[in-house]
Amino acid sequence: MSQHRARARITALDTYDIRFPTSRRLEGSDATHPDPDYSAAYVILRSDAQDGLEGHGFCFTIGRGNEVEVAAIEALRSYVVGLPMVELFTGLGDFQQALVGDSQLRWLGPEKGVMQMAVAAVVNAVWDLYAKHEGKPLWKLLADLAPEQIVALIDFHYLTDALTHEDALRILRRARAGKAEREVRLLAEGYPGYATSPGWLGYPDGKLTRLARQAVADGFTQIKLKVGADLEDDIRRCRTARAAIGPDIRLALDANQRWDIEQAVAWICRLAEFDPYWIEEPTSPDDILGHAEIRRAVAPVKVATGEHVPNRVVFKQLLQAQAIDVLQLDACRVGGVNENIAILLLAAKFGIPVCPHAGGVGLCELVQHLAMFDWLAVSGTLQDRVIEYVDHLHEHFLDPVVVSRGHYAAPTTPGFSSAMRPGTLRTYAFPDGVGWLNAMEEPSK
């Protein structure tokens, strides 16, 4: 490390309201969100390092309200600007806890909603900066940490009835066996994914069929279908999808929180003839007991939830209540990398597979690092594990995901794969970027 790097400080926190007019093409449409404009409340941490080192982070929204998220990120500026970079990197556990523990901002949560996602954007930007500083992709940086270093990142408040410091160390030390061999395999084969793009609710049956067949041809062994708006429509679309992919490809369903408990059970039972692998977000993500009741009633269909779960405490209770079969962590919903490490350890403690949510701009880029770290250093297994994949908006990133034969290739560029192209930050700035001015003139499709 150069002497200048060792003395470098964070000099600025810049925010951007970035939105993409995806609602014009029905990309991302589901039963609860029929017209999403995929968006990012985006942050760049700038430093006075001679090489201009920057950390990029964001949290995902679907349009209106993105400006609120940007303002929440700006409210955290005083916690990071002026800090020495190296001091920040060596105290990332304390840093993350300081953000979520602000005595006044905490009143807006605590540890949930807009402020929690703002914390995620800033924490993830610091991790991007740290990984670039170390010259490693984030998954590799995390996997190379000693178990004691990883545990020091975690806030164990409210977790110790389910996961203790000693539990975490035991899980991490156990996973060290075979880690080098798994890393070789990761670099050679990648990490398995599944395709969501065929199943957006607004797509006609012909497009569903074409995209589902293409996903299978591309090597995916699982696709996902949005459901929940109309039962007869869902029956027809599930029949269409199953005919397109055949009996051996997994068909997952996603209701996006649409149903009450009894409705969820009845609806899933009607769709059971199509052999769904899981039902995702069948009801409110806050309803732990509701998820448990649904899970008991619809087995062997699995219950999956997580993209809207706000923090590690709710995940802990979902696991304790035996309410889910699949845990779907999100890179931007909880408080960033640190809290997601705690959630991965909880899942490992309870023996529940993690299949990350990535249905949004940049989420594939981020969450691949967390899943790969989990395989190498936490769970040590790929059994029933897949990362969601959507096939749009990757061109806006400097280090976009690479998917081949249904697998995510391990990133090799230093960082968190979170940096958007400078042209994107100009073109899709809301509401005055040229991408939005052009979208206003185009007819919706």
# chains A, B, ... in the order shown; residues from 1 in each chain; ligands from 1

$ closest_atom_pairs --of "segment 98-196 of chain A" --to "segment 47-63 of chain A" --cutoff "7 Å" --atoms "only C-alpha atoms" --output "tab-separated table"
residue	atom	partner	partner_atom	distance
A:Met117	CA	A:Cys59	CA	6.1
A:Ala118	CA	A:Cys59	CA	6.9
A:Ala120	CA	A:Cys59	CA	6.9
A:Ala121	CA	A:Phe58	CA	4.4
A:Val122	CA	A:Gly57	CA	6.2
A:Asn124	CA	A:Gly57	CA	5.4
A:Ala125	CA	A:Gly57	CA	4.1
A:Val126	CA	A:Gly55	CA	5.8
A:Asp128	CA	A:Gly55	CA	5.1
A:Leu129	CA	A:Gly55	CA	4.1

$ write_last_selection --atoms "N, CA and C atoms" --output "tab-separated table (two decimals), in the first residue's frame"
chain	number	residue	atom	x	y	z
A	117	MET	N	-32.40	0.85	4.04
A	117	MET	CA	-31.91	0.70	2.68
A	117	MET	C	-30.84	1.75	2.36
A	118	ALA	N	-30.97	2.94	2.95
A	118	ALA	CA	-29.92	3.95	2.78
A	118	ALA	C	-28.62	3.49	3.42
A	120	ALA	N	-27.74	0.43	3.69
A	120	ALA	CA	-27.21	-0.59	2.77
A	120	ALA	C	-26.43	0.04	1.64
A	121	ALA	N	-26.96	1.12	1.05
A	121	ALA	CA	-26.27	1.77	-0.07
A	121	ALA	C	-24.90	2.28	0.35
A	122	VAL	N	-24.82	2.91	1.51
A	122	VAL	CA	-23.55	3.47	1.97
A	122	VAL	C	-22.58	2.36	2.38
A	124	ASN	N	-22.55	-0.74	1.39
A	124	ASN	CA	-22.11	-1.46	0.20
A	124	ASN	C	-21.09	-0.65	-0.60
A	125	ALA	N	-21.25	0.68	-0.61
A	125	ALA	CA	-20.27	1.53	-1.29
A	125	ALA	C	-18.90	1.44	-0.61
A	126	VAL	N	-18.91	1.37	0.72
A	126	VAL	CA	-17.64	1.22	1.44
A	126	VAL	C	-16.99	-0.12	1.10
A	128	ASP	N	-17.36	-1.79	-1.65
A	128	ASP	CA	-16.84	-1.67	-3.02
A	128	ASP	C	-15.48	-0.98	-3.00
A	129	LEU	N	-15.39	0.10	-2.22
A	129	LEU	CA	-14.13	0.83	-2.08
A	129	LEU	C	-13.04	-0.06	-1.47

$ residues_around --residues "segment 150-162 of chain A" --least-positions-apart "6" --cutoff "10 Å" --atoms "only C-alpha atoms" --output "PyMOL selection string"
chain A and resi 90-97+142-144+168-169+172+312-313+316-317+319-320+337-343+345-346+349-350+377

$ write_last_selection --atoms "C-alpha atoms" --output "PDB file, in the first residue's frame"
ATOM      1  CA  THR A  90     -10.514  -2.001   9.663  1.00  0.00           C
ATOM      2  CA  GLY A  91     -13.620  -0.956  11.604  1.00  0.00           C
ATOM      3  CA  LEU A  92     -16.448  -1.890   9.228  1.00  0.00           C
ATOM      4  CA  GLY A  93     -18.425  -3.668  11.932  1.00  0.00           C
ATOM      5  CA  ASP A  94     -18.454  -0.586  14.150  1.00  0.00           C
ATOM      6  CA  PHE A  95     -19.161   1.659  11.148  1.00  0.00           C
ATOM      7  CA  GLN A  96     -22.270  -0.269  10.093  1.00  0.00           C
ATOM      8  CA  GLN A  97     -23.571  -0.359  13.662  1.00  0.00           C
ATOM      9  CA  LEU A 142     -14.780 -11.862   2.011  1.00  0.00           C
ATOM     10  CA  ALA A 143     -13.785 -15.475   1.456  1.00  0.00           C
ATOM     11  CA  ASP A 144     -10.154 -14.666   2.290  1.00  0.00           C
ATOM     12  CA  ALA A 168     -20.740 -18.282  13.898  1.00  0.00           C
ATOM     13  CA  LEU A 169     -17.099 -19.158  14.457  1.00  0.00           C
ATOM     14  CA  LEU A 172     -17.024 -20.531   9.479  1.00  0.00           C
ATOM     15  CA  ARG A 312     -31.814 -10.109  10.390  1.00  0.00           C
ATOM     16  CA  VAL A 313     -34.312 -10.256  13.276  1.00  0.00           C
ATOM     17  CA  LYS A 316     -34.262 -15.172  12.539  1.00  0.00           C
ATOM     18  CA  GLN A 317     -37.922 -15.538  13.462  1.00  0.00           C
ATOM     19  CA  LEU A 319     -36.260 -19.647  10.628  1.00  0.00           C
ATOM     20  CA  GLN A 320     -37.205 -20.267  14.257  1.00  0.00           C
ATOM     21  CA  VAL A 337     -22.925  -6.670   3.365  1.00  0.00           C
ATOM     22  CA  ASN A 338     -22.464  -6.908   7.148  1.00  0.00           C
ATOM     23  CA  GLU A 339     -26.059  -7.781   7.921  1.00  0.00           C
ATOM     24  CA  ASN A 340     -26.277 -10.156   4.981  1.00  0.00           C
ATOM     25  CA  ILE A 341     -23.322 -12.066   6.409  1.00  0.00           C
ATOM     26  CA  ALA A 342     -25.299 -12.489   9.631  1.00  0.00           C
ATOM     27  CA  ILE A 343     -28.292 -13.739   7.616  1.00  0.00           C
ATOM     28  CA  LEU A 345     -24.853 -17.567   9.039  1.00  0.00           C
ATOM     29  CA  LEU A 346     -28.391 -17.859  10.392  1.00  0.00           C
ATOM     30  CA  LYS A 349     -27.236 -22.657  11.408  1.00  0.00           C
ATOM     31  CA  PHE A 350     -30.796 -23.730  10.515  1.00  0.00           C
ATOM     32  CA  ALA A 377     -16.839 -19.756   3.366  1.00  0.00           C
TER      33      ALA A 377
END

$ residues_around --residues "Thr11 of chain A" --least-positions-apart "2" --cutoff "8 Å" --atoms "only C-alpha atoms" --output "PyMOL selection string"
chain A and resi 9+13+45-48+81-82

$ write_last_selection --atoms "C-alpha atoms" --output "compact mmCIF listing (two decimals), in the first residue's frame"
# COMPACT_ATOMS: atom_id res chain seq x y z
CA ARG A 9 -9.70 10.05 3.31
CA LEU A 13 -20.60 11.51 -0.81
CA LEU A 45 -17.93 7.81 -2.15
CA ARG A 46 -14.95 9.79 -3.43
CA SER A 47 -11.49 9.89 -1.89
CA ASP A 48 -8.35 11.99 -2.14
CA VAL A 81 -17.05 12.09 4.78
CA GLY A 82 -13.69 12.91 6.33

$ residues_around --residues "Ala252 of chain A" --least-positions-apart "4" --cutoff "9 Å" --atoms "only C-alpha atoms" --output "list in words"
Gln222, Ile223, Lys224, Leu225, Lys226, Asp275, Pro276, Tyr277, Trp278, Ile279 and Glu280 of chain A

$ write_last_selection --atoms "N, CA and C atoms" --output "PDB file, in the first residue's frame"
ATOM      1  N   GLN A 222     -34.175 -23.936 -13.921  1.00  0.00           N
ATOM      2  CA  GLN A 222     -35.339 -23.423 -13.198  1.00  0.00           C
ATOM      3  C   GLN A 222     -35.744 -22.091 -13.802  1.00  0.00           C
ATOM      4  N   ILE A 223     -37.058 -21.894 -13.976  1.00  0.00           N
ATOM      5  CA  ILE A 223     -37.579 -20.584 -14.345  1.00  0.00           C
ATOM      6  C   ILE A 223     -38.628 -20.186 -13.309  1.00  0.00           C
ATOM      7  N   LYS A 224     -38.982 -18.902 -13.315  1.00  0.00           N
ATOM      8  CA  LYS A 224     -39.980 -18.409 -12.353  1.00  0.00           C
ATOM      9  C   LYS A 224     -41.086 -17.666 -13.071  1.00  0.00           C
ATOM     10  N   LEU A 225     -42.306 -17.858 -12.561  1.00  0.00           N
ATOM     11  CA  LEU A 225     -43.505 -17.268 -13.149  1.00  0.00           C
ATOM     12  C   LEU A 225     -44.192 -16.402 -12.098  1.00  0.00           C
ATOM     13  N   LYS A 226     -44.523 -15.173 -12.469  1.00  0.00           N
ATOM     14  CA  LYS A 226     -45.312 -14.312 -11.588  1.00  0.00           C
ATOM     15  C   LYS A 226     -46.777 -14.751 -11.620  1.00  0.00           C
ATOM     16  N   ASP A 275     -46.794 -28.855 -10.641  1.00  0.00           N
ATOM     17  CA  ASP A 275     -45.586 -29.220  -9.911  1.00  0.00           C
ATOM     18  C   ASP A 275     -44.694 -28.009  -9.639  1.00  0.00           C
ATOM     19  N   PRO A 276     -45.231 -26.980  -8.983  1.00  0.00           N
ATOM     20  CA  PRO A 276     -44.372 -25.828  -8.653  1.00  0.00           C
ATOM     21  C   PRO A 276     -43.327 -26.219  -7.624  1.00  0.00           C
ATOM     22  N   TYR A 277     -42.110 -25.681  -7.816  1.00  0.00           N
ATOM     23  CA  TYR A 277     -41.024 -25.990  -6.880  1.00  0.00           C
ATOM     24  C   TYR A 277     -41.168 -25.175  -5.612  1.00  0.00           C
ATOM     25  N   TRP A 278     -41.381 -23.850  -5.763  1.00  0.00           N
ATOM     26  CA  TRP A 278     -41.657 -23.024  -4.599  1.00  0.00           C
ATOM     27  C   TRP A 278     -42.710 -21.998  -4.931  1.00  0.00           C
ATOM     28  N   ILE A 279     -43.330 -21.472  -3.869  1.00  0.00           N
ATOM     29  CA  ILE A 279     -44.182 -20.293  -3.963  1.00  0.00           C
ATOM     30  C   ILE A 279     -43.485 -19.192  -3.174  1.00  0.00           C
ATOM     31  N   GLU A 280     -43.215 -18.101  -3.845  1.00  0.00           N
ATOM     32  CA  GLU A 280     -42.445 -16.998  -3.265  1.00  0.00           C
ATOM     33  C   GLU A 280     -43.380 -15.884  -2.794  1.00  0.00           C
TER      34      GLU A 280
END

$ closest_atom_pairs --of "segment 286-338 of chain A" --to "segment 384-392 of chain A" --cutoff "10 Å" --atoms "only C-alpha atoms" --output "tab-separated table"
residue	atom	partner	partner_atom	distance
A:Val326	CA	A:Arg385	CA	8.9
A:Leu327	CA	A:Arg385	CA	9.9
A:Gln328	CA	A:Ile387	CA	9.1

$ select_by_dssp --residues "segment 210-399 of chain A" --states "alpha helix (DSSP H)" --output "PyMOL selection string"
chain A and resi 210-217+231-245+261-271+288-298+312-320+337-350+363-373

$ write_last_selection --atoms "C-alpha atoms" --output "mmCIF file, in the first residue's frame"
data_model
loop_
_atom_site.group_PDB
_atom_site.id
_atom_site.type_symbol
_atom_site.label_atom_id
_atom_site.label_comp_id
_atom_site.auth_asym_id
_atom_site.auth_seq_id
_atom_site.Cartn_x
_atom_site.Cartn_y
_atom_site.Cartn_z
ATOM 1 C CA ARG A 210 -40.511 -18.247 -26.422
ATOM 2 C CA LEU A 211 -38.558 -16.925 -23.442
ATOM 3 C CA ALA A 212 -39.121 -20.066 -21.356
ATOM 4 C CA ARG A 213 -37.792 -22.292 -24.142
ATOM 5 C CA GLN A 214 -34.847 -19.963 -24.609
ATOM 6 C CA ALA A 215 -34.033 -20.107 -20.889
ATOM 7 C CA VAL A 216 -33.883 -23.907 -21.025
ATOM 8 C CA ALA A 217 -31.739 -23.766 -24.167
ATOM 9 C CA LEU A 231 -56.492 -17.580 -10.878
ATOM 10 C CA GLU A 232 -57.773 -18.755 -14.254
ATOM 11 C CA ASP A 233 -55.116 -16.679 -15.961
ATOM 12 C CA ASP A 234 -52.460 -18.251 -13.706
ATOM 13 C CA ILE A 235 -53.698 -21.760 -14.499
ATOM 14 C CA ARG A 236 -53.422 -21.048 -18.217
ATOM 15 C CA ARG A 237 -49.983 -19.462 -17.895
ATOM 16 C CA CYS A 238 -48.640 -22.279 -15.689
ATOM 17 C CA ARG A 239 -49.909 -24.814 -18.214
ATOM 18 C CA THR A 240 -48.228 -22.824 -20.984
ATOM 19 C CA ALA A 241 -44.951 -22.589 -19.089
ATOM 20 C CA ARG A 242 -44.896 -26.273 -18.127
ATOM 21 C CA ALA A 243 -45.568 -27.282 -21.728
ATOM 22 C CA ALA A 244 -42.701 -25.064 -22.868
ATOM 23 C CA ILE A 245 -40.074 -26.322 -20.383
ATOM 24 C CA ILE A 261 -53.497 -16.902 4.268
ATOM 25 C CA GLU A 262 -56.565 -18.907 3.237
ATOM 26 C CA GLN A 263 -56.465 -17.453 -0.267
ATOM 27 C CA ALA A 264 -52.802 -18.380 -0.607
ATOM 28 C CA VAL A 265 -53.414 -21.984 0.398
ATOM 29 C CA ALA A 266 -56.400 -22.361 -1.929
ATOM 30 C CA TRP A 267 -54.614 -20.720 -4.871
ATOM 31 C CA ILE A 268 -51.444 -22.782 -4.493
ATOM 32 C CA CYS A 269 -53.452 -25.985 -4.208
ATOM 33 C CA ARG A 270 -55.135 -25.150 -7.519
ATOM 34 C CA LEU A 271 -51.729 -24.646 -9.137
ATOM 35 C CA ILE A 288 -44.147 -14.919 10.135
ATOM 36 C CA LEU A 289 -46.949 -17.079 11.496
ATOM 37 C CA GLY A 290 -48.850 -16.747 8.223
ATOM 38 C CA HIS A 291 -45.866 -18.082 6.302
ATOM 39 C CA ALA A 292 -45.606 -20.994 8.734
ATOM 40 C CA GLU A 293 -49.296 -21.823 8.284
ATOM 41 C CA ILE A 294 -49.046 -21.672 4.508
ATOM 42 C CA ARG A 295 -45.906 -23.834 4.531
ATOM 43 C CA ARG A 296 -47.642 -26.560 6.541
ATOM 44 C CA ALA A 297 -50.673 -26.495 4.255
ATOM 45 C CA VAL A 298 -49.035 -26.520 0.812
ATOM 46 C CA ARG A 312 -31.814 -10.109 10.390
ATOM 47 C CA VAL A 313 -34.312 -10.256 13.276
ATOM 48 C CA VAL A 314 -37.272 -11.072 11.048
ATOM 49 C CA PHE A 315 -35.175 -13.635 9.183
ATOM 50 C CA LYS A 316 -34.262 -15.172 12.539
ATOM 51 C CA GLN A 317 -37.922 -15.538 13.462
ATOM 52 C CA LEU A 318 -38.881 -16.971 10.053
ATOM 53 C CA LEU A 319 -36.260 -19.647 10.628
ATOM 54 C CA GLN A 320 -37.205 -20.267 14.257
ATOM 55 C CA VAL A 337 -22.925 -6.670 3.365
ATOM 56 C CA ASN A 338 -22.464 -6.908 7.148
ATOM 57 C CA GLU A 339 -26.059 -7.781 7.921
ATOM 58 C CA ASN A 340 -26.277 -10.156 4.981
ATOM 59 C CA ILE A 341 -23.322 -12.066 6.409
ATOM 60 C CA ALA A 342 -25.299 -12.489 9.631
ATOM 61 C CA ILE A 343 -28.292 -13.739 7.616
ATOM 62 C CA LEU A 344 -26.128 -16.236 5.722
ATOM 63 C CA LEU A 345 -24.853 -17.567 9.039
ATOM 64 C CA LEU A 346 -28.391 -17.859 10.392
ATOM 65 C CA ALA A 347 -29.415 -19.831 7.317
ATOM 66 C CA ALA A 348 -26.408 -22.121 7.737
ATOM 67 C CA LYS A 349 -27.236 -22.657 11.408
ATOM 68 C CA PHE A 350 -30.796 -23.730 10.515
ATOM 69 C CA LEU A 363 -29.135 -6.736 -7.955
ATOM 70 C CA CYS A 364 -27.657 -9.563 -10.036
ATOM 71 C CA GLU A 365 -24.348 -7.715 -10.047
ATOM 72 C CA LEU A 366 -24.314 -7.368 -6.261
ATOM 73 C CA VAL A 367 -25.803 -10.534 -4.901
ATOM 74 C CA GLN A 368 -23.626 -12.909 -6.906
ATOM 75 C CA HIS A 369 -20.751 -11.923 -4.604
ATOM 76 C CA LEU A 370 -22.730 -12.809 -1.473
ATOM 77 C CA ALA A 371 -23.851 -16.183 -2.842
ATOM 78 C CA MET A 372 -20.331 -17.080 -3.913
ATOM 79 C CA PHE A 373 -18.949 -16.114 -0.501
#

$ residues_around --residues "Leu382 of chain A" --least-positions-apart "6" --cutoff "9 Å" --atoms "only C-alpha atoms" --output "ChimeraX atom specification"
/A:191-192,353,375

$ closest_residue --among "A:Asp35, A:Leu99, A:Leu201, A:His407" --to "Val80 of chain A" --atoms "only C-alpha atoms"
A:Leu99

$ atom_distance --atom1 "atom CA of Tyr79 of chain A" --atom2 "atom CA of Asp432 of chain A"
29.9 Å

$ closest_residue --among "A:Ala323, A:Leu141, A:Val100, A:Ala177" --to "Gly415 of chain A" --atoms "only C-alpha atoms"
A:Leu141

$ atom_distance --atom1 "atom CA of Pro310 of chain A" --atom2 "atom CA of Lys112 of chain A"
5.0 Å
